[in-house]
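This report concerns only the one structure given below.
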Amino acid sequence: MLKKETTHLKTPLGIIKISGDEEGVSEIKIVEKSLNASEETPHLLLPVVQQIKAYFEGNLKEFNLKLNPSGTVFQKKVWKLLGDIPFGSTISYLELSKRIGDVKAVRAVAAANGKNPLWIVIPCHRVIGSNGSLTGYAGGLHRKKWLLEHENPSAQQSLF
């Protein structure tokens, strides 16, 4: 069994917990507080920390990490398609359902989106309602709005 490593990182949107092993990053999520704010980042997770910092500094538009999220075959299919949404762009849940190949799967696609274990890296924040509304977001709508404005500052008037 592979040893799972964990670290915490302060971001402009809160403290995140990052976990992974030799197979890849398995979890990036917002946590209320860090259990060990002074911890040293494990060598294995340094690329994740560096890329997330670069993203928030505005110096990274595409992550290049080995990912290993835990989920169903359907969820992983949705998450893979989320990774195809370009930086600074958005699509609707309906459009994502079409890309899956089933326009009737909107609710299932939305549910898979909400179970995304790799916050920001798998960009579920880039999926919005068909009418342009922000709709639900596991990290909170204020974070979704911030992320979309961070990625495309000129679109903020048209999106919200």
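Please note that chains go A, B, ... in the order of the structure tokens, that every chain numbers its residues from 1, and that ligands are numbered from 1 in the order shown.
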
(request) Give me every alpha helix (DSSP H) residue in chain A, going by DSSP on the backbone, as a PyMOL selection string. (result) chain A and resi 46-56+73-82+93-100+106-114+141-151+156-159

(request) Please return as an MDAnalysis selection string: the residues of region 19-101 of chain A that backbone DSSP assigns to strand (DSSP E). (result) chainID A and resid 19:21 24:31 91:92

(request) Kindly give the distance, in Å, that separates CA of Lys4 (chain A) and CA of Trp79 (chain A), rounded to a single decimal. (result) 21.8 Å

Give me, as JSON lines, the closest atom pair and its distance (Å, one decimal) for every residue of region 105-144 of chain A within a cut-off of 9 Å of region 61-70 of chain A, counting only C-alpha atoms, rows sorted by chain and rising number.
{"residue": "A:Asn116", "atom": "CA", "partner": "A:Pro69", "partner_atom": "CA", "distance": 8.2}
{"residue": "A:Pro117", "atom": "CA", "partner": "A:Pro69", "partner_atom": "CA", "distance": 6.4}
{"residue": "A:Leu118", "atom": "CA", "partner": "A:Pro69", "partner_atom": "CA", "distance": 7.1}
{"residue": "A:Val121", "atom": "CA", "partner": "A:Phe63", "partner_atom": "CA", "distance": 6.3}
{"residue": "A:Ile122", "atom": "CA", "partner": "A:Phe63", "partner_atom": "CA", "distance": 8.9}

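For Thr41 (chain A), the set of protein, DNA and RNA residues having any atom at most 9 Å away, when counting only C-alpha atoms and skipping those fewer than 2 positions along the same chain, is Glu5, Thr6, Thr7, His8, Leu9, Glu39, His43, Leu44, Leu45, Leu46 and Val49 of chain A.
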
(message) Nearest residue to Ser154 (chain A) out of A:Gly58, A:Gly129, A:Gly83, A:Gly88, using only C-alpha atoms?
(response)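 So, comparing all the options, the nearest one is A:Gly88.
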